[in-house]
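Chemist: Structure file coords03.cif, mmCIF, C-alpha atoms and all ligand atoms, is pasted below:
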data_my_file
#
loop_
_atom_site.group_PDB
_atom_site.id
_atom_site.type_symbol
_atom_site.label_atom_id
_atom_site.label_comp_id
_atom_site.auth_asym_id
_atom_site.auth_seq_id
_atom_site.Cartn_x
_atom_site.Cartn_y
_atom_site.Cartn_z
ATOM 1 C CA MET A 1269 2.858 -25.129 -1.551
ATOM 2 C CA HIS A 1270 5.737 -26.233 -3.725
ATOM 3 C CA TRP A 1271 5.564 -24.979 -7.317
ATOM 4 C CA LYS A 1272 5.845 -28.528 -8.641
ATOM 5 C CA SER A 1273 2.657 -29.495 -6.827
ATOM 6 C CA LEU A 1274 1.001 -26.393 -8.274
ATOM 7 C CA ALA A 1275 2.057 -27.535 -11.734
ATOM 8 C CA ALA A 1276 0.601 -30.973 -11.029
ATOM 9 C CA ILE A 1277 -2.737 -29.433 -10.035
ATOM 10 C CA ALA A 1278 -2.715 -27.279 -13.160
ATOM 11 C CA ALA A 1279 -2.267 -30.435 -15.258
ATOM 12 C CA ILE A 1280 -5.570 -32.007 -14.051
ATOM 13 C CA PRO A 1281 -8.237 -31.415 -16.740
ATOM 14 C CA LEU A 1282 -10.563 -28.822 -15.285
ATOM 15 C CA ALA A 1283 -13.675 -30.584 -16.565
ATOM 16 C CA ALA A 1284 -12.664 -33.623 -14.528
ATOM 17 C CA LEU A 1285 -12.939 -31.435 -11.463
ATOM 18 C CA GLY A 1286 -16.348 -30.249 -12.540
ATOM 19 C CA ALA A 1287 -15.122 -26.714 -12.221
ATOM 20 C CA GLN A 1288 -15.533 -25.098 -15.625
ATOM 21 C CA THR A 1289 -15.231 -21.644 -14.147
ATOM 22 C CA LEU A 1290 -11.663 -22.238 -12.956
ATOM 23 C CA VAL A 1291 -8.955 -20.504 -14.976
ATOM 24 C CA PRO A 1292 -5.820 -22.600 -15.653
ATOM 25 C CA LEU A 1293 -2.785 -21.479 -13.685
ATOM 26 C CA GLU A 1294 -0.318 -19.489 -15.728
ATOM 27 C CA GLU A 1295 3.171 -20.847 -16.221
ATOM 28 C CA THR A 1296 5.245 -18.554 -14.031
ATOM 29 C CA GLU A 1297 8.752 -18.781 -12.630
ATOM 30 C CA PRO A 1298 8.619 -20.036 -9.044
ATOM 31 C CA VAL A 1299 9.536 -17.281 -6.584
ATOM 32 C CA PRO A 1300 11.662 -18.720 -3.765
ATOM 33 C CA GLU A 1301 10.622 -17.642 -0.290
ATOM 34 C CA LEU A 1302 13.535 -15.681 1.159
ATOM 35 C CA ALA A 1303 12.148 -16.142 4.684
ATOM 36 C CA THR A 1304 12.657 -19.928 4.477
ATOM 37 C CA TYR A 1305 16.315 -19.477 3.516
ATOM 38 C CA MET A 1306 16.726 -16.914 6.297
ATOM 39 C CA GLY A 1307 15.164 -19.274 8.834
ATOM 40 C CA GLU A 1308 17.823 -21.854 8.015
ATOM 41 C CA LEU A 1309 20.542 -19.194 8.287
ATOM 42 C CA GLN A 1310 19.105 -18.179 11.654
ATOM 43 C CA ARG A 1311 19.324 -21.777 12.923
ATOM 44 C CA LEU A 1312 22.946 -22.102 11.794
ATOM 45 C CA THR A 1313 23.867 -18.704 13.265
ATOM 46 C CA HIS A 1314 22.328 -19.659 16.594
ATOM 47 C CA LYS A 1315 24.310 -22.897 16.727
ATOM 48 C CA LEU A 1316 27.422 -20.977 15.691
ATOM 49 C CA ALA A 1317 26.893 -18.585 18.609
ATOM 50 C CA LEU A 1318 26.321 -21.412 21.113
ATOM 51 C CA SER A 1319 29.470 -23.184 19.870
ATOM 52 C CA ALA A 1320 31.477 -19.956 20.136
ATOM 53 C CA ASP A 1321 30.137 -19.317 23.627
ATOM 54 C CA ALA A 1322 31.270 -22.800 24.645
ATOM 55 C CA GLY A 1323 34.704 -22.240 23.042
ATOM 56 C CA ASN A 1324 34.238 -25.234 20.778
ATOM 57 C CA PHE A 1325 36.598 -24.617 17.831
ATOM 58 C CA PRO A 1326 35.664 -27.676 15.710
ATOM 59 C CA LEU A 1327 31.948 -26.862 15.958
ATOM 60 C CA VAL A 1328 32.574 -23.168 15.264
ATOM 61 C CA GLU A 1329 34.490 -24.178 12.149
ATOM 62 C CA MET A 1330 31.645 -26.413 10.985
ATOM 63 C CA TYR A 1331 28.841 -23.895 11.552
ATOM 64 C CA THR A 1332 30.900 -21.100 9.970
ATOM 65 C CA HIS A 1333 31.289 -23.275 6.899
ATOM 66 C CA GLU A 1334 27.594 -24.223 6.840
ATOM 67 C CA SER A 1335 26.532 -20.596 7.356
ATOM 68 C CA LEU A 1336 28.685 -19.409 4.465
ATOM 69 C CA LEU A 1337 27.263 -22.123 2.214
ATOM 70 C CA GLN A 1338 23.761 -20.954 3.116
ATOM 71 C CA VAL A 1339 24.639 -17.282 2.568
ATOM 72 C CA ARG A 1340 26.043 -18.085 -0.900
ATOM 73 C CA LYS A 1341 22.998 -20.216 -1.668
ATOM 74 C CA ILE A 1342 20.772 -17.243 -0.835
ATOM 75 C CA GLN A 1343 22.826 -15.034 -3.155
ATOM 76 C CA ALA A 1344 22.555 -17.564 -5.974
ATOM 77 C CA GLU A 1345 18.902 -18.519 -5.540
ATOM 78 C CA VAL A 1346 17.302 -15.295 -4.263
ATOM 79 C CA PRO A 1347 19.516 -12.500 -5.661
ATOM 80 C CA GLU A 1348 16.568 -10.093 -5.465
ATOM 81 C CA TYR A 1349 13.484 -10.107 -3.267
ATOM 82 C CA GLU A 1350 10.592 -7.671 -3.395
ATOM 83 C CA GLY A 1351 12.807 -5.043 -4.963
ATOM 84 C CA GLN A 1352 15.640 -5.523 -2.460
ATOM 85 C CA PRO A 1353 19.066 -6.289 -3.991
ATOM 86 C CA VAL A 1354 19.722 -9.226 -1.669
ATOM 87 C CA ALA A 1355 22.889 -10.585 -3.362
ATOM 88 C CA LEU A 1356 24.466 -7.153 -3.526
ATOM 89 C CA LEU A 1357 23.623 -6.331 0.096
ATOM 90 C CA ILE A 1358 25.117 -9.665 1.171
ATOM 91 C CA ASP A 1359 28.326 -8.841 -0.751
ATOM 92 C CA ARG A 1360 28.554 -5.419 0.899
ATOM 93 C CA MET A 1361 27.258 -6.090 4.424
ATOM 94 C CA GLY A 1362 26.889 -9.828 4.991
ATOM 95 C CA LEU A 1363 30.019 -11.630 3.790
ATOM 96 C CA PRO A 1364 32.621 -9.160 5.192
ATOM 97 C CA ALA A 1365 31.225 -9.840 8.676
ATOM 98 C CA TYR A 1366 32.450 -13.455 8.497
ATOM 99 C CA GLU A 1367 36.112 -12.433 8.159
ATOM 100 C CA ALA A 1368 36.808 -12.300 11.906
ATOM 101 C CA ILE A 1369 35.392 -15.768 12.604
ATOM 102 C CA GLN A 1370 37.164 -17.227 9.564
ATOM 103 C CA LYS A 1371 40.421 -15.759 10.847
ATOM 104 C CA ALA A 1372 39.808 -17.093 14.361
ATOM 105 C CA VAL A 1373 39.203 -20.562 12.951
ATOM 106 C CA ALA A 1374 42.214 -20.407 10.620
ATOM 107 C CA ASP A 1375 44.506 -19.250 13.456
ATOM 108 C CA GLN A 1376 43.174 -21.979 15.784
ATOM 109 C CA SER A 1377 44.014 -19.443 18.466
ATOM 110 C CA ASP A 1378 44.239 -20.981 21.911
ATOM 111 C CA ASP A 1379 42.016 -18.232 23.242
ATOM 112 C CA PRO A 1380 38.324 -19.149 22.856
ATOM 113 C CA ALA A 1381 37.430 -15.627 24.042
ATOM 114 C CA VAL A 1382 37.989 -14.389 20.465
ATOM 115 C CA LEU A 1383 35.076 -16.470 19.172
ATOM 116 C CA LEU A 1384 31.970 -14.816 20.597
ATOM 117 C CA PRO A 1385 32.910 -11.225 19.622
ATOM 118 C CA ALA A 1386 33.507 -12.529 16.096
ATOM 119 C CA VAL A 1387 30.001 -14.027 15.991
ATOM 120 C CA GLU A 1388 28.652 -10.762 17.369
ATOM 121 C CA GLN A 1389 29.961 -9.023 14.242
ATOM 122 C CA ILE A 1390 27.944 -11.452 12.128
ATOM 123 C CA VAL A 1391 24.768 -10.848 14.125
ATOM 124 C CA GLN A 1392 25.260 -7.089 13.776
ATOM 125 C CA SER A 1393 25.536 -7.530 10.015
ATOM 126 C CA CYS A 1394 22.281 -9.530 9.922
ATOM 127 C CA ASN A 1395 20.519 -6.668 11.631
ATOM 128 C CA ALA A 1396 22.203 -3.956 9.545
ATOM 129 C CA CYS A 1397 21.032 -5.707 6.399
ATOM 130 C CA HIS A 1398 17.506 -6.105 7.754
ATOM 131 C CA VAL A 1399 17.397 -2.342 8.320
ATOM 132 C CA ALA A 1400 18.813 -1.709 4.818
ATOM 133 C CA ALA A 1401 16.224 -4.080 3.303
ATOM 134 C CA GLN A 1402 13.268 -2.426 5.118
ATOM 135 C CA ARG A 1403 13.043 -5.363 7.566
ATOM 136 C CA GLY A 1404 14.370 -3.606 10.666
ATOM 137 C CA ALA A 1405 11.706 -5.307 12.783
ATOM 138 C CA ILE A 1406 13.644 -8.594 12.430
ATOM 139 C CA ARG A 1407 16.295 -8.265 15.128
ATOM 140 C CA ILE A 1408 18.672 -11.198 15.625
ATOM 141 C CA THR A 1409 20.461 -11.759 18.938
ATOM 142 C CA LEU A 1410 23.318 -14.020 19.979
ATOM 143 C CA GLY A 1411 20.830 -16.178 21.896
ATOM 144 C CA THR A 1412 23.543 -17.735 24.045
ATOM 145 C CA ASP A 1413 21.799 -17.412 27.416
ATOM 146 C CA LYS A 1414 19.784 -20.567 26.756
ATOM 147 C CA ASN A 1415 20.334 -23.639 24.583
ATOM 148 C CA PRO A 1416 17.000 -24.643 23.004
ATOM 149 C CA PHE A 1417 18.513 -27.544 21.048
ATOM 150 C CA ASN A 1418 18.748 -31.196 22.066
ATOM 151 C CA GLN A 1419 22.455 -30.890 21.425
ATOM 152 C CA THR A 1420 25.416 -29.983 23.621
ATOM 153 C CA PHE A 1421 27.890 -27.430 22.326
ATOM 154 C CA GLU A 1422 30.560 -28.142 24.944
ATOM 155 C CA PRO A 1423 33.995 -28.992 23.526
HETATM 156 C C1 LIG B 1 20.204 -8.975 2.173
HETATM 157 C C2 LIG B 1 20.540 -8.628 3.508
HETATM 158 C C3 LIG B 1 20.261 -9.640 4.589
HETATM 159 C C4 LIG B 1 21.212 -10.252 5.352
HETATM 160 C C5 LIG B 1 22.722 -10.115 5.273
HETATM 161 C C6 LIG B 1 20.488 -11.062 6.303
HETATM 162 N N1 LIG B 1 19.149 -10.984 6.089
HETATM 163 FE FE1 LIG B 1 17.713 -11.976 7.109
HETATM 164 N N2 LIG B 1 16.293 -11.167 5.925
HETATM 165 C C7 LIG B 1 16.512 -10.287 4.888
HETATM 166 C C8 LIG B 1 15.246 -9.936 4.273
HETATM 167 C C9 LIG B 1 15.038 -8.996 3.104
HETATM 168 C C10 LIG B 1 14.254 -10.653 4.988
HETATM 169 C C11 LIG B 1 12.726 -10.624 4.768
HETATM 170 C C12 LIG B 1 12.280 -11.778 3.913
HETATM 171 C C13 LIG B 1 10.793 -11.707 3.624
HETATM 172 O O1 LIG B 1 10.218 -10.630 3.688
HETATM 173 O O2 LIG B 1 10.202 -12.764 3.315
HETATM 174 C C14 LIG B 1 14.958 -11.404 6.032
HETATM 175 C C15 LIG B 1 14.315 -12.208 6.949
HETATM 176 C C16 LIG B 1 14.943 -12.855 7.985
HETATM 177 C C17 LIG B 1 14.258 -13.625 9.008
HETATM 178 C C18 LIG B 1 12.756 -13.829 9.113
HETATM 179 C C19 LIG B 1 12.381 -15.193 8.605
HETATM 180 C C20 LIG B 1 12.073 -16.166 9.707
HETATM 181 O O3 LIG B 1 12.287 -17.367 9.482
HETATM 182 O O4 LIG B 1 11.623 -15.760 10.786
HETATM 183 C C21 LIG B 1 15.204 -14.127 9.836
HETATM 184 C C22 LIG B 1 14.999 -14.971 11.082
HETATM 185 C C23 LIG B 1 16.489 -13.670 9.335
HETATM 186 N N3 LIG B 1 16.289 -12.902 8.212
HETATM 187 C C24 LIG B 1 17.701 -14.021 9.890
HETATM 188 C C25 LIG B 1 18.930 -13.577 9.424
HETATM 189 C C26 LIG B 1 20.193 -13.896 10.040
HETATM 190 C C27 LIG B 1 20.395 -14.776 11.251
HETATM 191 C C28 LIG B 1 21.146 -13.247 9.301
HETATM 192 C C29 LIG B 1 22.636 -13.175 9.533
HETATM 193 C C30 LIG B 1 23.379 -14.381 9.730
HETATM 194 C C31 LIG B 1 20.466 -12.547 8.229
HETATM 195 N N4 LIG B 1 19.131 -12.763 8.335
HETATM 196 C C32 LIG B 1 21.120 -11.800 7.281
HETATM 197 C C33 LIG B 1 17.723 -9.775 4.491
HETATM 198 C C34 LIG B 1 18.950 -10.117 5.043
#
Would you write out, as structure tokens, the structure that this file holds?
Ligand code: HEC

Modeler:
Amino acid sequence: MHWKSLAAIAAIPLAALGAQTLVPLEETEPVPELATYMGELQRLTHKLALSADAGNFPLVEMYTHESLLQVRKIQAEVPEYEGQPVALLIDRMGLPAYEAIQKAVADQSDDPAVLLPAVEQIVQSCNACHVAAQRGAIRITLGTDKNPFNQTFEP
């Protein structure tokens, strides 16, 4: 449930609910769910991989940009999660993995074969960080053998 809806519930006089035994909710800082942010990053990474596999430079450029926005959003909004230094780990292990794809996009190389290995580096960094953050069970793959989206990635 969104914290704002929780606040709205807390504002209803308890007597009106006929529930005198209820204790009012304490005012606490909302804790963002890292998994939701990661799910969005997963979606973008999957589309990035499918675009790279299809050799589609404009789409690769777009999903690289969107992925980086999401990664920075995670750093800003969930810098720490359950004791894991998320922002710091992203600085050390996450962001450097985007250098190869950024270079490939900047070069606009005429060889689309450079794209997929560059995305592979990103996927490896996802998994390295999951291990570092005690989440080694979450293993990301390129996922290029099948396109589950109602979208074509062909150039
Ligand atoms: C800080 C290092 C870190 C990096 C880098 C990272 N993750 Fe995560 N990820 C986590 C942590 C920690 C969790 C567990 C969150 C929780 O317990 O709620 C997680 C959870 C997930 C989940 C599970 C949530 C779900 O919706 O199923 C997915 C998927 C995921 N990450 C995908 C990715 C992808 C894709 C990348 C790379 C593009 C990535 N992550 C990079 C730390 C990281």

Chemist: Counting only C-alpha atoms and all ligand atoms, what residues are within 6 Å of ligand LIG 1 (chain B), given as a PDB file with C-alpha atoms, keeping the file's coordinate frame?

Modeler:
ATOM      1  CA  LEU A1302      13.535 -15.681   1.159  1.00  0.00           C
ATOM      2  CA  ALA A1303      12.148 -16.142   4.684  1.00  0.00           C
ATOM      3  CA  THR A1304      12.657 -19.928   4.477  1.00  0.00           C
ATOM      4  CA  MET A1306      16.726 -16.914   6.297  1.00  0.00           C
ATOM      5  CA  GLY A1307      15.164 -19.274   8.834  1.00  0.00           C
ATOM      6  CA  LEU A1309      20.542 -19.194   8.287  1.00  0.00           C
ATOM      7  CA  GLN A1310      19.105 -18.179  11.654  1.00  0.00           C
ATOM      8  CA  THR A1313      23.867 -18.704  13.265  1.00  0.00           C
ATOM      9  CA  VAL A1354      19.722  -9.226  -1.669  1.00  0.00           C
ATOM     10  CA  LEU A1357      23.623  -6.331   0.096  1.00  0.00           C
ATOM     11  CA  ILE A1358      25.117  -9.665   1.171  1.00  0.00           C
ATOM     12  CA  GLY A1362      26.889  -9.828   4.991  1.00  0.00           C
ATOM     13  CA  ILE A1390      27.944 -11.452  12.128  1.00  0.00           C
ATOM     14  CA  VAL A1391      24.768 -10.848  14.125  1.00  0.00           C
ATOM     15  CA  CYS A1394      22.281  -9.530   9.922  1.00  0.00           C
ATOM     16  CA  CYS A1397      21.032  -5.707   6.399  1.00  0.00           C
ATOM     17  CA  HIS A1398      17.506  -6.105   7.754  1.00  0.00           C
ATOM     18  CA  ALA A1401      16.224  -4.080   3.303  1.00  0.00           C
ATOM     19  CA  ARG A1403      13.043  -5.363   7.566  1.00  0.00           C
ATOM     20  CA  ILE A1408      18.672 -11.198  15.625  1.00  0.00           C
TER      21      ILE A1408
END

Chemist: From the list A:Pro1364, A:Gly1323, A:Pro1353, A:Pro1423, which residue is nearest Leu1384 in chain A when using only C-alpha atoms?

Modeler: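 Answer, going by the shortest atom-to-atom distance: A:Gly1323.
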
Chemist: Record the distance separating CA of Phe1325 in chain A and CA of Pro1385 in chain A, expressed in Å with one decimal.

Modeler: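 That distance, rounded to one decimal, is 14.0 Å.
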
Chemist: One decimal, in Å: what's the spacing between CA of Ile1406 in chain A and CA of Gln1389 in chain A?

Modeler: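 Between these atoms lies a distance of 16.4 Å.
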
Chemist: Spell out the residues picked by the PyMOL selection byres (((chain A and resi 1366) around 9) and not hetatm) here, as a list in words.

Modeler: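 Applying the expression gives Thr1332, Leu1336, Gly1362, Leu1363, Pro1364, Ala1365, Glu1367, Ala1368, Ile1369, Gln1370, Lys1371, Ala1386, Val1387, Gln1389 and Ile1390 of chain A.
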
Chemist: Distance CA of Glu1350 in chain A-CA of Ala1400 in chain A, one decimal place?

Modeler: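 Going from CA of Glu1350 in chain A over to CA of Ala1400 in chain A, I get 13.1 Å.
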
Chemist: Could you tell me which residues the PyMOL selection byres (((chain A and resi 1300) around 10) and not hetatm) grabs in this file, written as a ChimeraX atom specification?

Modeler: /A:1270-1271,1297-1299,1301-1305,1342,1345-1346,1349

Chemist: Output C-alpha atoms for every residue in the selection just made, as an mmCIF file, in the frame of the given file.

Modeler:
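After the write, result_16.cif holds the following:
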data_model
loop_
_atom_site.group_PDB
_atom_site.id
_atom_site.type_symbol
_atom_site.label_atom_id
_atom_site.label_comp_id
_atom_site.auth_asym_id
_atom_site.auth_seq_id
_atom_site.Cartn_x
_atom_site.Cartn_y
_atom_site.Cartn_z
ATOM 1 C CA HIS A 1270 5.737 -26.233 -3.725
ATOM 2 C CA TRP A 1271 5.564 -24.979 -7.317
ATOM 3 C CA GLU A 1297 8.752 -18.781 -12.630
ATOM 4 C CA PRO A 1298 8.619 -20.036 -9.044
ATOM 5 C CA VAL A 1299 9.536 -17.281 -6.584
ATOM 6 C CA GLU A 1301 10.622 -17.642 -0.290
ATOM 7 C CA LEU A 1302 13.535 -15.681 1.159
ATOM 8 C CA ALA A 1303 12.148 -16.142 4.684
ATOM 9 C CA THR A 1304 12.657 -19.928 4.477
ATOM 10 C CA TYR A 1305 16.315 -19.477 3.516
ATOM 11 C CA ILE A 1342 20.772 -17.243 -0.835
ATOM 12 C CA GLU A 1345 18.902 -18.519 -5.540
ATOM 13 C CA VAL A 1346 17.302 -15.295 -4.263
ATOM 14 C CA TYR A 1349 13.484 -10.107 -3.267
#

Chemist: So, with only C-alpha atoms as the atoms that count, which of A:Val1382, A:Ala1405, A:Ala1372, A:Val1339 lies closest to Leu1356 in chain A?

Modeler: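 Checking each of A:Val1382, A:Ala1405, A:Ala1372, A:Val1339 against Leu1356 in chain A, counting only C-alpha atoms, the winner is A:Val1339.
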
Chemist: Considering all atoms listed in the file, state which residue in the set A:Gln1343, A:Thr1289, A:Gln1376, A:Gln1392 is at the smallest distance from Thr1409 in chain A.

Modeler: A:Gln1392

Chemist: Taking all atoms listed in the file into account, name the residue in A:Asp1413, A:Glu1308, A:Asp1375, A:Asp1321 that is nearest to Lys1341 in chain A.

Modeler: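 With all atoms listed in the file as the atom set, the closest residue is A:Glu1308.
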
Chemist: From the options A:Ala1355, A:Leu1318, A:Pro1292, A:Ala1344, which residue's atoms come nearest to Leu1410 in chain A, counting all atoms listed in the file?

Modeler: A:Leu1318
